[in-house]
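Peer 1: Got a structure for you, input27.tsv, holding TSV, C-alpha atoms and all ligand atoms.
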chain	number	residue	atom	x	y	z
V	23	MET	CA	-31.39	-0.77	-6.23
V	24	GLY	CA	-29.20	-1.69	-9.20
V	25	LYS	CA	-26.38	-4.06	-8.39
V	26	ASP	CA	-22.92	-3.15	-9.65
V	27	VAL	CA	-19.27	-4.17	-9.56
V	28	ILE	CA	-16.91	-1.47	-8.26
V	29	ILE	CA	-13.25	-1.80	-9.25
V	30	ALA	CA	-10.80	-0.85	-6.48
V	31	CYS	CA	-8.22	1.18	-8.44
V	32	ASP	CA	-5.42	0.75	-5.92
V	33	PHE	CA	-2.63	2.22	-8.04
V	34	PRO	CA	0.36	4.31	-6.92
V	35	SER	CA	-0.10	7.00	-9.59
V	36	ALA	CA	-2.60	8.61	-11.94
V	37	VAL	CA	-0.56	7.37	-14.92
V	38	GLU	CA	-0.97	3.73	-13.86
V	39	CYS	CA	-4.63	4.21	-13.09
V	40	PHE	CA	-5.35	5.75	-16.50
V	41	ALA	CA	-3.34	3.02	-18.25
V	42	PHE	CA	-5.65	0.53	-16.54
V	43	LEU	CA	-8.88	2.42	-17.31
V	44	ASP	CA	-7.80	2.91	-20.95
V	45	ARG	CA	-8.19	-0.84	-21.45
V	46	PHE	CA	-11.96	-0.49	-21.08
V	47	HIS	CA	-13.54	0.52	-24.39
V	48	GLU	CA	-17.09	-0.73	-24.06
V	49	GLU	CA	-17.95	-0.25	-20.41
V	50	LYS	CA	-17.41	2.53	-17.87
V	51	PRO	CA	-16.92	0.64	-14.63
V	52	TYR	CA	-17.75	2.16	-11.24
V	53	VAL	CA	-14.34	3.12	-9.82
V	54	LYS	CA	-13.17	3.09	-6.23
V	55	ILE	CA	-10.41	5.57	-5.40
V	56	GLY	CA	-8.71	4.64	-2.16
V	57	MET	CA	-6.05	6.19	0.01
V	58	GLU	CA	-3.07	5.17	-2.11
V	59	LEU	CA	-4.26	6.82	-5.33
V	60	PHE	CA	-5.85	9.81	-3.60
V	61	TYR	CA	-2.76	10.60	-1.55
V	62	ALA	CA	-0.53	10.17	-4.62
V	63	ALA	CA	-2.61	12.07	-7.16
V	64	GLY	CA	-4.76	14.40	-5.05
V	65	PRO	CA	-8.34	15.61	-5.61
V	66	GLU	CA	-7.59	16.19	-9.30
V	67	ILE	CA	-7.74	12.43	-9.87
V	68	VAL	CA	-11.38	12.43	-8.75
V	69	ARG	CA	-12.27	15.20	-11.21
V	70	ALA	CA	-10.36	13.52	-14.04
V	71	ILE	CA	-11.97	10.09	-13.62
V	72	LYS	CA	-15.38	11.69	-13.20
V	73	GLU	CA	-14.83	13.59	-16.46
V	74	ARG	CA	-14.21	10.27	-18.21
V	75	GLY	CA	-17.74	9.31	-17.21
V	76	HIS	CA	-17.13	6.87	-14.34
V	77	LYS	CA	-19.07	6.84	-11.08
V	78	ILE	CA	-16.77	7.22	-8.11
V	79	PHE	CA	-16.63	5.68	-4.67
V	80	LEU	CA	-14.07	7.71	-2.71
V	81	ASP	CA	-12.87	5.28	-0.05
V	82	LEU	CA	-11.01	7.42	2.51
V	83	LYS	CA	-12.56	5.80	5.63
V	84	LEU	CA	-12.68	8.92	7.77
V	85	HIS	CA	-12.38	8.48	11.55
V	86	ASP	CA	-11.75	11.56	13.72
V	87	ILE	CA	-13.61	13.92	16.05
V	88	PRO	CA	-17.04	14.94	14.71
V	89	ASN	CA	-16.11	18.52	13.83
V	90	THR	CA	-13.04	17.49	11.83
V	91	VAL	CA	-15.00	14.85	9.92
V	92	LYS	CA	-17.81	17.31	9.21
V	93	SER	CA	-15.35	19.84	7.72
V	94	ALA	CA	-13.61	17.16	5.66
V	95	MET	CA	-16.94	15.91	4.31
V	96	ARG	CA	-17.80	19.46	3.25
V	97	VAL	CA	-14.72	19.35	1.00
V	98	LEU	CA	-15.61	15.91	-0.40
V	99	ARG	CA	-19.18	16.91	-1.29
V	100	ASP	CA	-17.80	19.57	-3.65
V	101	LEU	CA	-15.70	16.95	-5.42
V	102	GLN	CA	-18.99	15.46	-6.68
V	103	VAL	CA	-18.15	11.89	-5.68
V	104	ASP	CA	-21.05	9.43	-5.85
V	105	LEU	CA	-20.23	7.46	-2.71
V	106	CYS	CA	-17.89	8.02	0.25
V	107	ASN	CA	-17.32	6.46	3.65
V	108	LEU	CA	-16.15	6.62	7.25
V	109	HIS	CA	-15.59	4.20	10.14
V	110	ALA	CA	-18.71	3.37	12.15
V	111	ALA	CA	-16.36	3.01	15.16
V	112	GLY	CA	-16.20	6.83	15.17
V	113	THR	CA	-19.65	6.77	16.87
V	114	ARG	CA	-23.08	8.04	15.91
V	115	ALA	CA	-22.15	11.64	16.76
V	116	MET	CA	-19.35	11.48	14.21
V	117	MET	CA	-21.60	9.91	11.56
V	118	GLU	CA	-24.31	12.55	12.08
V	119	ALA	CA	-21.73	15.34	11.82
V	120	ALA	CA	-20.40	13.76	8.62
V	121	LEU	CA	-23.85	13.77	7.03
V	122	GLU	CA	-24.28	17.42	7.93
V	123	GLY	CA	-20.97	18.30	6.28
V	124	LEU	CA	-21.79	16.24	3.20
V	125	THR	CA	-25.21	17.79	2.52
V	126	ARG	CA	-25.24	20.63	-0.03
V	127	PRO	CA	-27.33	23.77	0.48
V	128	ASP	CA	-29.92	22.36	-1.98
V	129	GLY	CA	-30.29	19.19	0.13
V	130	THR	CA	-28.50	16.82	-2.29
V	131	ARG	CA	-25.44	14.83	-1.21
V	132	PRO	CA	-23.24	11.88	-2.18
V	133	LEU	CA	-24.20	8.54	-0.62
V	134	LEU	CA	-22.47	7.88	2.71
V	135	ILE	CA	-21.69	4.44	4.06
V	136	ALA	CA	-19.88	3.19	7.16
V	137	VAL	CA	-17.12	0.60	7.46
V	138	THR	CA	-18.24	-1.93	10.07
V	139	GLN	CA	-15.21	-4.17	10.55
V	140	LEU	CA	-12.56	-4.39	7.86
V	141	THR	CA	-12.73	-7.63	5.90
V	142	SER	CA	-9.07	-8.18	6.83
V	143	THR	CA	-10.01	-8.36	10.53
V	144	ASP	CA	-10.94	-11.68	12.08
V	145	ALA	CA	-12.47	-12.59	15.44
V	146	GLN	CA	-9.11	-13.46	16.97
V	147	SER	CA	-7.46	-10.10	16.21
V	148	MET	CA	-10.58	-8.29	17.43
V	149	ARG	CA	-10.42	-10.16	20.72
V	150	ASP	CA	-6.65	-10.18	21.26
V	151	GLU	CA	-5.67	-6.77	19.89
V	152	ILE	CA	-8.64	-4.43	20.08
V	153	LEU	CA	-10.23	-6.14	23.07
V	154	ILE	CA	-13.67	-6.59	21.54
V	155	ASP	CA	-14.97	-9.86	23.00
V	156	ARG	CA	-18.39	-9.92	21.35
V	157	PRO	CA	-18.85	-12.17	18.29
V	158	LEU	CA	-17.73	-10.44	15.09
V	159	ASP	CA	-21.18	-10.85	13.58
V	160	GLU	CA	-22.83	-9.08	16.51
V	161	VAL	CA	-20.35	-6.20	16.30
V	162	VAL	CA	-20.96	-5.77	12.57
V	163	MET	CA	-24.76	-5.77	13.06
V	164	ARG	CA	-24.56	-3.27	15.91
V	165	TYR	CA	-22.32	-0.94	13.88
V	166	ALA	CA	-24.72	-1.25	10.93
V	167	HIS	CA	-27.64	-0.42	13.21
V	168	ASN	CA	-25.76	2.64	14.53
V	169	ALA	CA	-25.07	3.79	10.97
V	170	LYS	CA	-28.74	3.44	10.08
V	171	GLN	CA	-29.79	5.35	13.19
V	172	ALA	CA	-27.39	8.14	12.23
V	173	GLY	CA	-29.12	8.40	8.83
V	174	LEU	CA	-26.42	6.82	6.63
V	175	ASP	CA	-27.23	4.98	3.42
V	176	GLY	CA	-25.49	1.69	4.15
V	177	VAL	CA	-22.35	-0.09	5.23
V	178	VAL	CA	-19.18	-1.64	3.95
V	179	CYS	CA	-19.10	-5.22	5.21
V	180	SER	CA	-18.08	-8.71	4.20
V	181	PRO	CA	-20.31	-10.26	1.52
V	182	LEU	CA	-20.90	-13.03	4.06
V	183	GLU	CA	-22.66	-10.49	6.31
V	184	ALA	CA	-24.77	-8.73	3.65
V	185	GLY	CA	-27.92	-10.84	4.11
V	186	LYS	CA	-28.00	-10.34	7.85
V	187	VAL	CA	-27.38	-6.59	7.53
V	188	HIS	CA	-30.43	-6.41	5.27
V	189	GLN	CA	-32.46	-8.35	7.83
V	190	VAL	CA	-31.43	-5.96	10.59
V	191	CYS	CA	-31.48	-2.66	8.66
V	192	GLY	CA	-33.87	-3.31	5.76
V	193	THR	CA	-33.37	-4.15	2.09
V	194	GLU	CA	-32.96	-0.50	1.08
V	195	PHE	CA	-29.90	-0.15	3.32
V	196	LEU	CA	-26.89	-0.60	1.04
V	197	THR	CA	-24.32	-3.35	1.50
V	198	VAL	CA	-21.06	-2.61	-0.28
V	199	THR	CA	-18.82	-5.62	-0.01
V	200	PRO	CA	-15.09	-6.02	-0.60
V	201	GLY	CA	-13.49	-9.38	0.17
V	202	VAL	CA	-14.51	-10.88	-3.18
V	203	ARG	CA	-12.40	-13.55	-4.84
V	204	PHE	CA	-12.82	-15.90	-7.78
V	205	ALA	CA	-12.96	-19.49	-6.54
V	206	ASP	CA	-9.42	-20.13	-7.84
V	207	SER	CA	-7.74	-16.86	-6.77
V	208	ASP	CA	-5.51	-16.00	-3.82
V	209	ALA	CA	-7.25	-14.34	-0.83
V	210	ALA	CA	-4.02	-12.37	0.02
V	211	ASP	CA	-4.66	-10.28	3.18
V	212	GLN	CA	-8.46	-10.62	3.03
V	213	LYS	CA	-10.00	-13.02	5.53
V	214	ARG	CA	-13.80	-12.91	5.24
V	215	VAL	CA	-14.10	-13.61	1.51
V	216	THR	CA	-16.47	-15.18	-1.01
V	217	THR	CA	-17.09	-15.35	-4.78
V	218	PRO	CA	-19.13	-12.87	-6.88
V	219	ALA	CA	-21.86	-15.47	-7.43
V	220	ARG	CA	-22.19	-16.22	-3.73
V	221	ALA	CA	-22.16	-12.47	-2.91
V	222	ARG	CA	-25.12	-12.13	-5.26
V	223	GLU	CA	-26.99	-14.99	-3.56
V	224	ILE	CA	-26.40	-13.51	-0.12
V	225	GLY	CA	-27.65	-10.12	-1.31
V	226	SER	CA	-24.74	-7.64	-1.65
V	227	ASP	CA	-25.77	-4.48	-3.50
V	228	TYR	CA	-22.27	-3.63	-4.72
V	229	ILE	CA	-19.15	-5.78	-4.74
V	230	VAL	CA	-15.75	-4.09	-4.56
V	231	VAL	CA	-13.11	-6.04	-6.43
V	232	GLY	CA	-9.47	-5.00	-6.55
V	233	ARG	CA	-6.58	-7.33	-7.22
V	234	PRO	CA	-8.59	-10.13	-8.91
V	235	VAL	CA	-9.31	-7.58	-11.69
V	236	THR	CA	-6.41	-5.08	-11.56
V	237	ARG	CA	-3.75	-7.80	-11.47
V	238	ALA	CA	-5.44	-10.18	-13.90
V	239	ALA	CA	-3.65	-11.01	-17.15
V	240	ASP	CA	-6.77	-9.69	-18.91
V	241	PRO	CA	-8.47	-7.17	-16.59
V	242	VAL	CA	-11.40	-6.49	-18.92
V	243	ALA	CA	-12.20	-10.20	-19.13
V	244	ALA	CA	-11.87	-10.53	-15.35
V	245	TYR	CA	-14.21	-7.56	-14.84
V	246	ARG	CA	-16.73	-9.04	-17.26
V	247	ALA	CA	-16.58	-12.42	-15.53
V	248	CYS	CA	-17.23	-10.70	-12.20
V	249	ALA	CA	-20.13	-8.68	-13.58
V	250	GLN	CA	-21.59	-11.77	-15.26
V	251	ASP	CA	-21.45	-13.79	-12.03
V	252	PHE	CA	-22.70	-10.95	-9.82
V	253	ILE	CA	-25.28	-9.14	-11.96
V	254	GLY	CA	-26.16	-11.89	-14.44
E	1	LIG	O1	-7.65	-6.15	-3.86
E	1	LIG	P1	-8.90	-6.37	-3.07
E	1	LIG	O2	-10.02	-6.99	-3.86
E	1	LIG	O3	-8.65	-7.07	-1.73
E	1	LIG	O4	-9.38	-4.87	-2.73
E	1	LIG	C1	-10.40	-4.60	-1.82
E	1	LIG	C2	-10.52	-3.11	-1.68
E	1	LIG	O5	-11.57	-2.80	-0.77
E	1	LIG	C3	-9.28	-2.42	-1.13
E	1	LIG	O6	-9.16	-1.19	-1.82
E	1	LIG	C4	-9.57	-2.18	0.33
E	1	LIG	O7	-8.97	-0.99	0.81
E	1	LIG	C5	-11.09	-2.01	0.31
E	1	LIG	N1	-11.81	-2.33	1.55
E	1	LIG	C6	-11.71	-3.55	2.18
E	1	LIG	N2	-12.40	-3.78	3.35
E	1	LIG	C7	-13.17	-2.85	3.86
E	1	LIG	C8	-13.28	-1.61	3.22
E	1	LIG	C9	-12.58	-1.39	2.04
E	1	LIG	O8	-11.03	-4.44	1.70
E	1	LIG	N3	-13.88	-3.11	4.96
If you took the structure in this file and wrote it as structure tokens, what would it be?

Peer 2:
Amino acid sequence: MGKDVIIACDFPSAVECFAFLDRFHEEKPYVKIGMELFYAAGPEIVRAIKERGHKIFLDLKLHDIPNTVKSAMRVLRDLQVDLCNLHAAGTRAMMEAALEGLTRPDGTRPLLIAVTQLTSTDAQSMRDEILIDRPLDEVVMRYAHNAKQAGLDGVVCSPLEAGKVHQVCGTEFLTVTPGVRFADSDAADQKRVTTPARAREIGSDYIVVGRPVTRAADPVAAYRACAQDFIG
């Protein structure tokens, strides 16, 4: 499994996203399109970025009844994204339905991963607000196990949890990890964070980096620094 850095292109419009991507002349970074850009620019943005030669992680984090998720995934599979996701909290039945919807008649499909617990969630908010008393680590591992049982390809988790997910679900099971910060950068709303180099040591397969690259004075240099630390 090749490691890679995925840039979270959290922009409010296609124009701003393309202005950002236009700065890259030598590399074609793996791009994450999240809710903000997708809702602003629509499915056309996926086709346009794909046409420019980037791989795409469409991060829409689906969570609904199984039939609705299955139908939505059927639409996403035809957008030819490389990677997409849903919330593991939607249960195994929902994840299995999603896989069904995502699989093309010829058996091929984009990769599908499950969000375990958002990296902005900490143990206290889980306990006090969503009434989950079990240790955060145990919840993440159980959700990862459920995703594996449902036939998914991996999970989104904190880089701090990637090693343990691989122990529980195997090294082939993908760990895609946001919550990455340079040692000297602001964590903002992220809580379970670490650096690209540490994410590599712990065993993340892909790191997702947003603001440390998109808001850097020199985004290309920031991306290269990330890739250097993470991939070597
Ligand atoms: O700017 P920053 O590096 O925090 O961006 C992280 C990206 O990863 C955001 O687009 C966020 O939506 C996404 N993400 C996350 N935690 C998850 C899943 C996705 O932060 N569990």

Peer 1: Please report, as a tab-separated table, each residue of chain V lying at most 10 Å from ligand LIG 1 (chain E), together with the nearest pair of atoms and the separation in Å rounded to one decimal; use only C-alpha atoms and all ligand atoms, and order rows by chain and ascending residue number.

Peer 2:
residue	atom	partner	partner_atom	distance
V:Ile28	CA	E:LIG1	O5	9.3
V:Ile29	CA	E:LIG1	O2	8.1
V:Ala30	CA	E:LIG1	O6	5.0
V:Cys31	CA	E:LIG1	O6	7.1
V:Asp32	CA	E:LIG1	O6	5.9
V:Phe33	CA	E:LIG1	O6	9.6
V:Lys54	CA	E:LIG1	O6	7.3
V:Ile55	CA	E:LIG1	O6	7.8
V:Gly56	CA	E:LIG1	O6	5.9
V:Met57	CA	E:LIG1	O7	7.8
V:Glu58	CA	E:LIG1	O6	8.8
V:Asp81	CA	E:LIG1	C9	7.0
V:Leu82	CA	E:LIG1	O7	8.8
V:Lys83	CA	E:LIG1	C8	7.8
V:Asn107	CA	E:LIG1	C8	9.0
V:Leu108	CA	E:LIG1	C8	9.6
V:His109	CA	E:LIG1	N3	9.1
V:Ala136	CA	E:LIG1	N3	9.0
V:Val137	CA	E:LIG1	N3	5.5
V:Thr138	CA	E:LIG1	N3	6.8
V:Gln139	CA	E:LIG1	N3	5.8
V:Leu140	CA	E:LIG1	N3	3.4
V:Thr141	CA	E:LIG1	N2	4.6
V:Ser142	CA	E:LIG1	N2	6.5
V:Thr143	CA	E:LIG1	N3	8.6
V:Val177	CA	E:LIG1	N3	9.0
V:Val178	CA	E:LIG1	N3	5.6
V:Cys179	CA	E:LIG1	N3	5.6
V:Ser180	CA	E:LIG1	N3	7.0
V:Val198	CA	E:LIG1	C8	8.6
V:Thr199	CA	E:LIG1	C7	7.4
V:Pro200	CA	E:LIG1	O5	4.8
V:Gly201	CA	E:LIG1	O3	5.7
V:Val202	CA	E:LIG1	O2	6.0
V:Arg203	CA	E:LIG1	O2	7.0
V:Asp208	CA	E:LIG1	O3	9.7
V:Ala209	CA	E:LIG1	O3	7.5
V:Ala210	CA	E:LIG1	O3	7.3
V:Asp211	CA	E:LIG1	O3	7.1
V:Gln212	CA	E:LIG1	O3	5.9
V:Lys213	CA	E:LIG1	O8	9.5
V:Arg214	CA	E:LIG1	N2	9.4
V:Val215	CA	E:LIG1	O3	9.1
V:Ile229	CA	E:LIG1	O5	9.1
V:Val230	CA	E:LIG1	O5	5.8
V:Val231	CA	E:LIG1	O2	4.1
V:Gly232	CA	E:LIG1	O2	3.4
V:Arg233	CA	E:LIG1	O1	3.7
V:Pro234	CA	E:LIG1	O2	6.1
V:Val235	CA	E:LIG1	O2	7.9
V:Thr236	CA	E:LIG1	O1	7.9
V:Arg237	CA	E:LIG1	O1	8.7

Peer 1: Can you work out which one of V:Ala249, V:Gly112, V:Leu105, V:Pro88 has the shortest atom-to-atom distance to Leu196 in chain V, counting all atoms listed in the file?

Peer 2: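 When distances to Leu196 in chain V are compared using all atoms listed in the file, the smallest one comes from V:Leu105.
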
Peer 1: So, with all atoms listed in the file as the atoms that count, which of V:Arg126, V:His188, V:Arg69, V:His167 lies closest to Ala110 in chain V?

Peer 2: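 Using all atoms listed in the file, Ala110 in chain V sits closest to V:His167.
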
Peer 1: With all atoms listed in the file as the atoms that count, which of V:Ile78, V:Leu124, V:Ala70, V:Val53 lies nearest to Val37 in chain V?

Peer 2: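 Answer, going by the shortest atom-to-atom distance: V:Ala70.
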
Peer 1: Write out as a list in words the residues lying within 12 Å of Arg131 in chain V, counting all atoms listed in the file and excluding same-chain residues fewer than 5 positions away.

Peer 2: Met95, Arg96, Val97, Leu98, Arg99, Asp100, Leu101, Gln102, Val103, Asp104, Leu105, Cys106, Ala120, Leu121, Glu122, Gly123, Leu124, Thr125, Arg126, Leu174 and Asp175 of chain V

Peer 1: Keeping only C-alpha atoms, write those residues as a CSV table (one decimal), in the coordinates of the input.

Peer 2:
chain,number,residue,atom,x,y,z
V,95,MET,CA,-16.9,15.9,4.3
V,96,ARG,CA,-17.8,19.5,3.2
V,97,VAL,CA,-14.7,19.4,1.0
V,98,LEU,CA,-15.6,15.9,-0.4
V,99,ARG,CA,-19.2,16.9,-1.3
V,100,ASP,CA,-17.8,19.6,-3.6
V,101,LEU,CA,-15.7,17.0,-5.4
V,102,GLN,CA,-19.0,15.5,-6.7
V,103,VAL,CA,-18.2,11.9,-5.7
V,104,ASP,CA,-21.0,9.4,-5.8
V,105,LEU,CA,-20.2,7.5,-2.7
V,106,CYS,CA,-17.9,8.0,0.2
V,120,ALA,CA,-20.4,13.8,8.6
V,121,LEU,CA,-23.8,13.8,7.0
V,122,GLU,CA,-24.3,17.4,7.9
V,123,GLY,CA,-21.0,18.3,6.3
V,124,LEU,CA,-21.8,16.2,3.2
V,125,THR,CA,-25.2,17.8,2.5
V,126,ARG,CA,-25.2,20.6,0.0
V,174,LEU,CA,-26.4,6.8,6.6
V,175,ASP,CA,-27.2,5.0,3.4

Peer 1: In Å, how far is it from CA of Ala94 in chain V to CA of Thr197 in chain V?

Peer 2: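 Computing the Euclidean distance for CA of Ala94 in chain V and CA of Thr197 in chain V yields 23.5 Å.
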
Peer 1: To one decimal place in Å, what is the distance between CA of Gly64 in chain V and CA of His47 in chain V?

Peer 2: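 CA of His47 in chain V lies 25.4 Å from CA of Gly64 in chain V.
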
Peer 1: List as number ranges by chain the residues having at least one atom at most 9 Å from position (-24.8, 10.1, 14.3) as given in the file, counting all atoms listed in the file.

Peer 2: V: 113-121, 168-174
